[in-house]
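Colleague: Next up, model.cif (mmCIF, C-alpha atoms; chains and numbers go by the auth columns).
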data_work
loop_
_atom_site.group_PDB
_atom_site.id
_atom_site.type_symbol
_atom_site.label_atom_id
_atom_site.label_comp_id
_atom_site.label_asym_id
_atom_site.label_seq_id
_atom_site.Cartn_x
_atom_site.Cartn_y
_atom_site.Cartn_z
_atom_site.B_iso_or_equiv
_atom_site.auth_seq_id
_atom_site.auth_asym_id
ATOM 1 C CA MET A 1 -24.829 -4.285 12.344 0.00 1 S
ATOM 2 C CA ILE A 2 -26.674 -1.019 12.761 0.00 2 S
ATOM 3 C CA ALA A 3 -28.348 -0.143 16.057 0.00 3 S
ATOM 4 C CA THR A 4 -30.243 2.978 17.036 0.00 4 S
ATOM 5 C CA ILE A 5 -30.948 4.469 20.445 0.00 5 S
ATOM 6 C CA GLY A 6 -33.933 6.796 20.402 0.00 6 S
ATOM 7 C CA GLY A 7 -35.662 8.967 22.938 0.00 7 S
ATOM 8 C CA MET A 8 -36.398 12.489 24.034 0.00 8 S
ATOM 9 C CA ALA A 9 -33.728 15.062 24.890 0.00 9 S
ATOM 10 C CA GLY A 10 -31.822 14.374 28.102 0.00 10 S
ATOM 11 C CA VAL A 11 -32.978 10.782 28.537 0.00 11 S
ATOM 12 C CA GLY A 12 -29.417 9.410 28.336 0.00 12 S
ATOM 13 C CA LYS A 13 -28.952 8.286 24.723 0.00 13 S
ATOM 14 C CA THR A 14 -25.414 9.608 24.363 0.00 14 S
ATOM 15 C CA ALA A 15 -24.412 8.422 27.834 0.00 15 S
ATOM 16 C CA LEU A 16 -25.619 4.921 26.981 0.00 16 S
ATOM 17 C CA ALA A 17 -23.793 4.965 23.636 0.00 17 S
ATOM 18 C CA VAL A 18 -20.529 6.090 25.257 0.00 18 S
ATOM 19 C CA HIS A 19 -20.911 3.419 27.946 0.00 19 S
ATOM 20 C CA ALA A 20 -21.537 0.811 25.231 0.00 20 S
ATOM 21 C CA VAL A 21 -18.335 1.885 23.456 0.00 21 S
ATOM 22 C CA HIS A 22 -16.325 1.348 26.648 0.00 22 S
ATOM 23 C CA VAL A 23 -17.870 -2.092 27.173 0.00 23 S
ATOM 24 C CA LEU A 24 -17.561 -3.158 23.528 0.00 24 S
ATOM 25 C CA ALA A 25 -14.127 -1.638 22.772 0.00 25 S
ATOM 26 C CA PRO A 26 -12.217 -4.940 23.116 0.00 26 S
ATOM 27 C CA ARG A 27 -14.338 -6.418 20.303 0.00 27 S
ATOM 28 C CA PHE A 28 -13.359 -3.592 17.940 0.00 28 S
ATOM 29 C CA ARG A 29 -9.585 -3.798 17.925 0.00 29 S
ATOM 30 C CA ASP A 30 -9.242 -1.544 14.885 0.00 30 S
ATOM 31 C CA GLY A 31 -10.857 1.395 16.636 0.00 31 S
ATOM 32 C CA GLN A 32 -13.861 3.324 17.763 0.00 32 S
ATOM 33 C CA VAL A 33 -14.981 6.593 16.193 0.00 33 S
ATOM 34 C CA PHE A 34 -17.464 9.117 17.605 0.00 34 S
ATOM 35 C CA VAL A 35 -19.068 11.881 15.513 0.00 35 S
ATOM 36 C CA ASP A 36 -21.545 14.431 16.872 0.00 36 S
ATOM 37 C CA LEU A 37 -23.968 15.092 14.026 0.00 37 S
ATOM 38 C CA HIS A 38 -25.657 18.037 15.803 0.00 38 S
ATOM 39 C CA GLY A 39 -29.051 16.883 14.578 0.00 39 S
ATOM 40 C CA HIS A 40 -30.922 18.792 17.249 0.00 40 S
ATOM 41 C CA SER A 41 -28.395 21.330 18.570 0.00 41 S
ATOM 42 C CA GLN A 42 -29.844 24.783 19.116 0.00 42 S
ATOM 43 C CA ASP A 43 -26.749 26.767 18.161 0.00 43 S
ATOM 44 C CA THR A 44 -25.273 24.471 15.513 0.00 44 S
ATOM 45 C CA ALA A 45 -26.711 23.360 12.191 0.00 45 S
ATOM 46 C CA PRO A 46 -26.902 19.608 11.587 0.00 46 S
ATOM 47 C CA LEU A 47 -23.617 18.296 10.228 0.00 47 S
ATOM 48 C CA ASP A 48 -23.718 17.791 6.476 0.00 48 S
ATOM 49 C CA PRO A 49 -22.976 14.154 5.472 0.00 49 S
ATOM 50 C CA ALA A 50 -19.956 15.278 3.414 0.00 50 S
ATOM 51 C CA ASP A 51 -18.507 17.073 6.450 0.00 51 S
ATOM 52 C CA ALA A 52 -19.258 14.081 8.662 0.00 52 S
ATOM 53 C CA LEU A 53 -17.427 11.825 6.191 0.00 53 S
ATOM 54 C CA ASP A 54 -14.495 14.242 6.221 0.00 54 S
ATOM 55 C CA ARG A 55 -14.288 13.850 10.015 0.00 55 S
ATOM 56 C CA LEU A 56 -14.673 10.083 9.841 0.00 56 S
ATOM 57 C CA LEU A 57 -11.986 9.775 7.171 0.00 57 S
ATOM 58 C CA ARG A 58 -9.551 11.931 9.131 0.00 58 S
ATOM 59 C CA ALA A 59 -10.162 9.758 12.191 0.00 59 S
ATOM 60 C CA LEU A 60 -9.334 6.694 10.093 0.00 60 S
ATOM 61 C CA GLY A 61 -6.100 8.095 8.674 0.00 61 S
ATOM 62 C CA PRO A 62 -6.401 10.034 5.389 0.00 62 S
ATOM 63 C CA THR A 63 -5.847 13.773 5.543 0.00 63 S
ATOM 64 C CA GLY A 64 -5.779 16.766 3.240 0.00 64 S
ATOM 65 C CA GLU A 65 -5.567 15.943 -0.466 0.00 65 S
ATOM 66 C CA ARG A 66 -6.310 12.240 0.094 0.00 66 S
ATOM 67 C CA ILE A 67 -9.911 13.111 1.043 0.00 67 S
ATOM 68 C CA PRO A 68 -12.063 13.490 -2.083 0.00 68 S
ATOM 69 C CA ALA A 69 -14.261 16.560 -2.523 0.00 69 S
ATOM 70 C CA HIS A 70 -17.441 14.791 -3.662 0.00 70 S
ATOM 71 C CA LEU A 71 -19.795 13.059 -1.190 0.00 71 S
ATOM 72 C CA ASP A 72 -20.009 9.788 -3.153 0.00 72 S
ATOM 73 C CA ASP A 73 -16.219 9.593 -3.500 0.00 73 S
ATOM 74 C CA ARG A 74 -15.786 10.219 0.236 0.00 74 S
ATOM 75 C CA ALA A 75 -18.324 7.501 1.004 0.00 75 S
ATOM 76 C CA GLY A 76 -16.480 5.086 -1.306 0.00 76 S
ATOM 77 C CA LEU A 77 -13.117 5.782 0.327 0.00 77 S
ATOM 78 C CA TYR A 78 -14.702 5.442 3.766 0.00 78 S
ATOM 79 C CA ARG A 79 -16.182 2.042 2.907 0.00 79 S
ATOM 80 C CA SER A 80 -12.932 0.801 1.370 0.00 80 S
ATOM 81 C CA LEU A 81 -10.962 1.859 4.468 0.00 81 S
ATOM 82 C CA LEU A 82 -13.403 -0.017 6.697 0.00 82 S
ATOM 83 C CA ALA A 83 -13.457 -3.177 4.564 0.00 83 S
ATOM 84 C CA GLY A 84 -12.204 -6.023 6.721 0.00 84 S
ATOM 85 C CA GLN A 85 -11.776 -3.777 9.749 0.00 85 S
ATOM 86 C CA ARG A 86 -13.432 -4.156 13.153 0.00 86 S
ATOM 87 C CA VAL A 87 -14.498 -0.586 13.964 0.00 87 S
ATOM 88 C CA LEU A 88 -17.317 0.695 16.152 0.00 88 S
ATOM 89 C CA ILE A 89 -18.767 3.935 14.812 0.00 89 S
ATOM 90 C CA VAL A 90 -21.019 6.142 16.953 0.00 90 S
ATOM 91 C CA LEU A 91 -23.149 8.655 15.085 0.00 91 S
ATOM 92 C CA ASP A 92 -24.563 10.838 17.843 0.00 92 S
ATOM 93 C CA ASP A 93 -27.640 13.063 17.559 0.00 93 S
ATOM 94 C CA ALA A 94 -28.733 12.174 14.034 0.00 94 S
ATOM 95 C CA ALA A 95 -31.335 14.427 12.427 0.00 95 S
ATOM 96 C CA SER A 96 -32.621 11.993 9.799 0.00 96 S
ATOM 97 C CA GLU A 97 -31.966 8.889 7.776 0.00 97 S
ATOM 98 C CA ALA A 98 -30.727 11.071 4.892 0.00 98 S
ATOM 99 C CA GLN A 99 -28.029 12.552 7.120 0.00 99 S
ATOM 100 C CA ILE A 100 -26.630 9.179 8.179 0.00 100 S
ATOM 101 C CA ARG A 101 -27.209 6.917 5.175 0.00 101 S
ATOM 102 C CA PRO A 102 -23.858 7.893 3.517 0.00 102 S
ATOM 103 C CA LEU A 103 -22.103 7.243 6.856 0.00 103 S
ATOM 104 C CA LEU A 104 -23.078 3.586 7.121 0.00 104 S
ATOM 105 C CA SER A 105 -20.013 1.409 6.650 0.00 105 S
ATOM 106 C CA GLY A 106 -21.493 -1.600 4.913 0.00 106 S
ATOM 107 C CA GLY A 107 -18.703 -3.755 6.356 0.00 107 S
ATOM 108 C CA ALA A 108 -19.840 -6.949 8.053 0.00 108 S
ATOM 109 C CA ARG A 109 -17.301 -6.529 10.854 0.00 109 S
ATOM 110 C CA CYS A 110 -18.079 -2.862 11.576 0.00 110 S
ATOM 111 C CA HIS A 111 -20.919 -1.821 13.828 0.00 111 S
ATOM 112 C CA VAL A 112 -22.705 1.514 13.766 0.00 112 S
ATOM 113 C CA LEU A 113 -24.491 2.873 16.831 0.00 113 S
ATOM 114 C CA ILE A 114 -26.780 5.835 16.151 0.00 114 S
ATOM 115 C CA THR A 115 -28.508 8.104 18.645 0.00 115 S
ATOM 116 C CA SER A 116 -31.428 10.314 17.681 0.00 116 S
ATOM 117 C CA ARG A 117 -34.492 11.991 19.097 0.00 117 S
ATOM 118 C CA ARG A 118 -36.404 10.711 16.064 0.00 118 S
ATOM 119 C CA ARG A 119 -37.328 7.127 15.255 0.00 119 S
ATOM 120 C CA LEU A 120 -35.192 6.297 12.254 0.00 120 S
ATOM 121 C CA THR A 121 -37.574 3.830 10.660 0.00 121 S
ATOM 122 C CA GLY A 122 -36.185 4.254 7.137 0.00 122 S
ATOM 123 C CA LEU A 123 -32.970 2.344 7.829 0.00 123 S
ATOM 124 C CA ASP A 124 -32.512 -1.288 6.803 0.00 124 S
ATOM 125 C CA THR A 125 -31.365 -3.967 9.247 0.00 125 S
ATOM 126 C CA THR A 126 -31.558 -1.778 12.312 0.00 126 S
ATOM 127 C CA GLN A 127 -31.983 -2.869 15.895 0.00 127 S
ATOM 128 C CA THR A 128 -33.771 -0.154 17.863 0.00 128 S
ATOM 129 C CA LEU A 129 -33.771 0.680 21.543 0.00 129 S
ATOM 130 C CA SER A 130 -36.178 3.393 22.698 0.00 130 S
ATOM 131 C CA LEU A 131 -35.309 5.069 25.973 0.00 131 S
ATOM 132 C CA ASP A 132 -37.860 6.732 28.214 0.00 132 S
ATOM 133 C CA VAL A 133 -37.651 8.753 31.398 0.00 133 S
ATOM 134 C CA LEU A 134 -36.979 6.562 34.426 0.00 134 S
ATOM 135 C CA PRO A 135 -39.683 6.242 37.076 0.00 135 S
ATOM 136 C CA ALA A 136 -38.840 8.488 40.083 0.00 136 S
ATOM 137 C CA THR A 137 -37.753 5.645 42.384 0.00 137 S
ATOM 138 C CA ASP A 138 -35.452 4.181 39.719 0.00 138 S
ATOM 139 C CA ALA A 139 -34.015 7.628 38.961 0.00 139 S
ATOM 140 C CA ILE A 140 -33.270 8.203 42.650 0.00 140 S
ATOM 141 C CA THR A 141 -31.649 4.766 42.970 0.00 141 S
ATOM 142 C CA LEU A 142 -29.493 5.403 39.891 0.00 142 S
ATOM 143 C CA PHE A 143 -28.493 8.834 41.200 0.00 143 S
ATOM 144 C CA ILE A 144 -27.499 7.427 44.599 0.00 144 S
ATOM 145 C CA ARG A 145 -25.480 4.618 42.978 0.00 145 S
ATOM 146 C CA THR A 146 -23.745 7.066 40.670 0.00 146 S
ATOM 147 C CA VAL A 147 -22.925 9.742 43.248 0.00 147 S
ATOM 148 C CA GLY A 148 -22.481 7.441 46.210 0.00 148 S
ATOM 149 C CA GLU A 149 -24.540 7.405 49.364 0.00 149 S
ATOM 150 C CA ARG A 150 -21.568 8.563 51.485 0.00 150 S
ATOM 151 C CA ARG A 151 -21.122 11.686 49.350 0.00 151 S
ATOM 152 C CA LEU A 152 -24.821 12.501 49.563 0.00 152 S
ATOM 153 C CA THR A 153 -24.879 12.006 53.327 0.00 153 S
ATOM 154 C CA SER A 154 -21.716 14.087 53.701 0.00 154 S
ATOM 155 C CA ALA A 155 -23.081 16.904 51.499 0.00 155 S
ATOM 156 C CA SER A 156 -26.336 16.955 53.460 0.00 156 S
ATOM 157 C CA ARG A 157 -24.443 17.116 56.749 0.00 157 S
ATOM 158 C CA ASP A 158 -22.243 19.959 55.414 0.00 158 S
ATOM 159 C CA ARG A 159 -25.285 22.039 54.427 0.00 159 S
ATOM 160 C CA ASN A 160 -26.910 21.574 57.838 0.00 160 S
ATOM 161 C CA ASP A 161 -24.093 22.800 60.058 0.00 161 S
ATOM 162 C CA ASP A 162 -21.917 25.889 60.356 0.00 162 S
ATOM 163 C CA GLY A 163 -18.692 24.015 59.678 0.00 163 S
ATOM 164 C CA ASN A 164 -18.022 23.351 63.348 0.00 164 S
ATOM 165 C CA GLY A 165 -20.584 20.596 63.719 0.00 165 S
ATOM 166 C CA ARG A 166 -23.222 22.997 65.071 0.00 166 S
ATOM 167 C CA PRO A 167 -26.580 23.527 63.341 0.00 167 S
ATOM 168 C CA ALA A 168 -26.537 26.505 61.019 0.00 168 S
#
For the structure just supplied, provide its representation as structure tokens.
Modeller:
Amino acid sequence: MIATIGGMAGVGKTALAVHAVHVLAPRFRDGQVFVDLHGHSQDTAPLDPADALDRLLRALGPTGERIPAHLDDRAGLYRSLLAGQRVLIVLDDAASEAQIRPLLSGGARCHVLITSRRRLTGLDTTQTLSLDVLPATDAITLFIRTVGERRLTSASRDRNDDGNGRPA
């Protein structure tokens, strides 16, 4: 299965993908692999598919001379290593379909979760989730649940006194 999470910068694509990995980890007993593809990083060029395969292969076991030099050979080794395995692969911040196509496992028991700012419509058999900015009330509720109302109340109280319980 291939699934994509799309949306604008900062909307929570990576956070959702990481959360999904934690929830789904028991289903993927052979491992979970995360690769940042730097598709939209300001200071880093998008990761070349051959370099991404090098990282994926190293995460799966082979090192040094066992990793072929050519992209197609790396992709073949990658697919053969994943054959019959239950692995969840996260490809974060994809630039394009061309960048990730060689990184798709092809194994029926492996799942690939891709995040991108772009809609990756050129992929076959993809389930897509598009994230948007939360409405203000939902964002506030999420923030309070995440931080904790007690911490927010305590922080507000600390800012409004001089440390001795007196107004500042």
Colleague: Tell me, in Å to one decimal, how far CA of Ala75 (chain S) is from CA of Val35 (chain S).
Modeller: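 One can read the CA of Ala75 (chain S) to CA of Val35 (chain S) distance as 15.2 Å.
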Colleague: What is the CA of Arg150 (chain S)-CA of Lys13 (chain S) distance in Å, reported with one decimal?
Modeller: 27.8 Å
Colleague: Determine, counting all atoms listed in the file, which protein, DNA and RNA residues have an atom within 12 Å of an atom of His19 (chain S); residues of the same chain fewer than 6 positions away are not included. Present the result as a list in words.
Modeller: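 Neighbouring residues, sequence-local ones excluded: Gly12, Lys13, Ala25, Val90 and Leu113 of chain S.
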Colleague: So which residues touch Asp124 (chain S) within 12 Å, counting all atoms listed in the file, skipping near sequence neighbours fewer than 5 positions away, as a list in words?
Modeller: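 My list of contacting residues is Met1, Ile2, Ala3, Thr4, Glu97, Arg101, Leu104 and Gly106 of chain S.
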Colleague: For each of S:Leu56, S:Ala20, S:Leu142, S:Leu47, take the minimum atom-to-atom distance to Ala98 (chain S), counting all atoms listed in the file, then give the residue where this is smallest.
Modeller: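 Going through S:Leu56, S:Ala20, S:Leu142, S:Leu47 one by one, the smallest distance to Ala98 (chain S) is for S:Leu47.
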Colleague: With a distance cut-off of 12 Å and only C-alpha atoms, select the neighbouring residues of His40 (chain S), excluding the residue or stretch itself and same-chain residues fewer than 6 positions from it, and output the selection as a list in words.
Modeller: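 Within the cut-off, the hits are Met8, Ala9, Gly10, Pro46, Leu47, Asp92, Asp93, Ala94, Ala95, Ser96, Thr115, Ser116, Arg117 and Arg118 of chain S.
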Colleague: Selection in question (the file shown): the PyMOL selection byres ((chain S and resi 131) around 7). Which residues does it include, as an mmCIF file with C-alpha atoms, keeping the file's coordinate frame?
Modeller:
data_model
loop_
_atom_site.group_PDB
_atom_site.id
_atom_site.type_symbol
_atom_site.label_atom_id
_atom_site.label_comp_id
_atom_site.auth_asym_id
_atom_site.auth_seq_id
_atom_site.Cartn_x
_atom_site.Cartn_y
_atom_site.Cartn_z
ATOM 1 C CA GLY S 6 -33.933 6.796 20.402
ATOM 2 C CA GLY S 7 -35.662 8.967 22.938
ATOM 3 C CA VAL S 11 -32.978 10.782 28.537
ATOM 4 C CA LEU S 129 -33.771 0.680 21.543
ATOM 5 C CA SER S 130 -36.178 3.393 22.698
ATOM 6 C CA ASP S 132 -37.860 6.732 28.214
ATOM 7 C CA VAL S 133 -37.651 8.753 31.398
#
Colleague: Pick from S:His111, S:Arg119, S:Arg151, S:Arg74: nearest to Ala52 (chain S), with only C-alpha atoms counted?
Modeller: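 Checking each candidate against Ala52 (chain S), we get S:Arg74 as the closest.
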Colleague: When you draw a straight line from CA of Leu60 (chain S) to CA of Gln32 (chain S), how long is it in Å?
Modeller: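 Those two atoms sit 9.5 Å apart.
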Colleague: Pull out every residue that the PyMOL selection byres ((chain S and resi 31) around 12) matches in the shown coordinates and put them as a PyMOL selection string.
Modeller: chain S and resi 21-22+24-30+32-34+56+59-61+82+85-90+109-111
Colleague: Pick out the closest residue to Gly39 (chain S) from this set: S:Gln99, S:Thr137, S:Thr121, S:Thr63. Count all atoms listed in the file.
Modeller: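 Closest to Gly39 (chain S) of all the choices is S:Gln99.
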Colleague: Using the atoms already present, construct all heavy atoms for region 139-150 of chain S and hand them back as a compact mmCIF listing (two decimals), in the coordinates of the input.
Modeller:
# COMPACT_ATOMS: atom_id res chain seq x y z
N ALA S 139 -34.91 6.49 39.17
CA ALA S 139 -34.02 7.63 38.96
C ALA S 139 -33.25 7.95 40.24
O ALA S 139 -32.04 8.22 40.20
CB ALA S 139 -34.80 8.85 38.49
N ILE S 140 -33.92 7.93 41.36
CA ILE S 140 -33.27 8.20 42.65
C ILE S 140 -32.23 7.13 42.95
O ILE S 140 -31.11 7.42 43.36
CB ILE S 140 -34.32 8.31 43.78
CG1 ILE S 140 -35.15 9.58 43.57
CG2 ILE S 140 -33.66 8.31 45.16
CD1 ILE S 140 -36.40 9.65 44.43
N THR S 141 -32.59 5.87 42.74
CA THR S 141 -31.65 4.77 42.97
C THR S 141 -30.41 4.91 42.09
O THR S 141 -29.28 4.76 42.56
CB THR S 141 -32.34 3.41 42.71
OG1 THR S 141 -33.45 3.29 43.59
CG2 THR S 141 -31.38 2.25 42.91
N LEU S 142 -30.61 5.21 40.81
CA LEU S 142 -29.49 5.40 39.89
C LEU S 142 -28.62 6.57 40.34
O LEU S 142 -27.39 6.48 40.34
CB LEU S 142 -30.00 5.63 38.46
CG LEU S 142 -28.93 5.91 37.41
CD1 LEU S 142 -27.98 4.73 37.27
CD2 LEU S 142 -29.59 6.22 36.07
N PHE S 143 -29.24 7.67 40.74
CA PHE S 143 -28.49 8.83 41.20
C PHE S 143 -27.65 8.49 42.42
O PHE S 143 -26.46 8.83 42.49
CB PHE S 143 -29.46 9.98 41.52
CG PHE S 143 -28.76 11.23 41.96
CD1 PHE S 143 -28.09 12.03 41.04
CD2 PHE S 143 -28.75 11.61 43.30
CE1 PHE S 143 -27.45 13.18 41.43
CE2 PHE S 143 -28.10 12.77 43.70
CZ PHE S 143 -27.45 13.55 42.76
N ILE S 144 -28.23 7.80 43.38
CA ILE S 144 -27.50 7.43 44.60
C ILE S 144 -26.34 6.50 44.26
O ILE S 144 -25.24 6.66 44.78
CB ILE S 144 -28.46 6.80 45.64
CG1 ILE S 144 -29.39 7.89 46.18
CG2 ILE S 144 -27.68 6.14 46.78
CD1 ILE S 144 -30.54 7.34 47.03
N ARG S 145 -26.56 5.53 43.38
CA ARG S 145 -25.48 4.62 42.98
C ARG S 145 -24.37 5.36 42.25
O ARG S 145 -23.19 5.03 42.40
CB ARG S 145 -26.01 3.51 42.09
CG ARG S 145 -26.78 2.46 42.83
CD ARG S 145 -27.19 1.35 41.90
NE ARG S 145 -28.08 0.42 42.56
CZ ARG S 145 -28.83 -0.45 41.94
NH1 ARG S 145 -28.82 -0.51 40.62
NH2 ARG S 145 -29.61 -1.26 42.61
N THR S 146 -24.74 6.32 41.44
CA THR S 146 -23.74 7.07 40.67
C THR S 146 -22.93 8.00 41.56
O THR S 146 -21.70 8.03 41.48
CB THR S 146 -24.43 7.88 39.56
OG1 THR S 146 -25.18 6.99 38.73
CG2 THR S 146 -23.42 8.64 38.72
N VAL S 147 -23.60 8.76 42.40
CA VAL S 147 -22.92 9.74 43.25
C VAL S 147 -22.29 9.08 44.46
O VAL S 147 -21.21 9.47 44.89
CB VAL S 147 -23.92 10.84 43.68
CG1 VAL S 147 -23.31 11.80 44.68
CG2 VAL S 147 -24.42 11.60 42.46
N GLY S 148 -22.97 8.11 45.01
CA GLY S 148 -22.48 7.44 46.21
C GLY S 148 -23.22 7.96 47.43
O GLY S 148 -23.30 9.17 47.66
N GLU S 149 -23.75 7.03 48.19
CA GLU S 149 -24.54 7.40 49.36
C GLU S 149 -23.71 8.19 50.37
O GLU S 149 -24.19 9.14 50.98
CB GLU S 149 -25.15 6.16 50.01
CG GLU S 149 -26.25 6.50 50.99
CD GLU S 149 -27.10 5.28 51.34
OE1 GLU S 149 -26.99 4.25 50.65
OE2 GLU S 149 -27.85 5.40 52.29
N ARG S 150 -22.43 7.84 50.53
CA ARG S 150 -21.57 8.56 51.48
C ARG S 150 -21.42 10.02 51.10
O ARG S 150 -21.46 10.91 51.94
CB ARG S 150 -20.20 7.90 51.57
CG ARG S 150 -20.23 6.59 52.35
CD ARG S 150 -18.87 5.97 52.49
NE ARG S 150 -17.93 6.91 53.09
CZ ARG S 150 -16.62 6.79 52.99
NH1 ARG S 150 -16.10 5.81 52.30
NH2 ARG S 150 -15.83 7.67 53.56
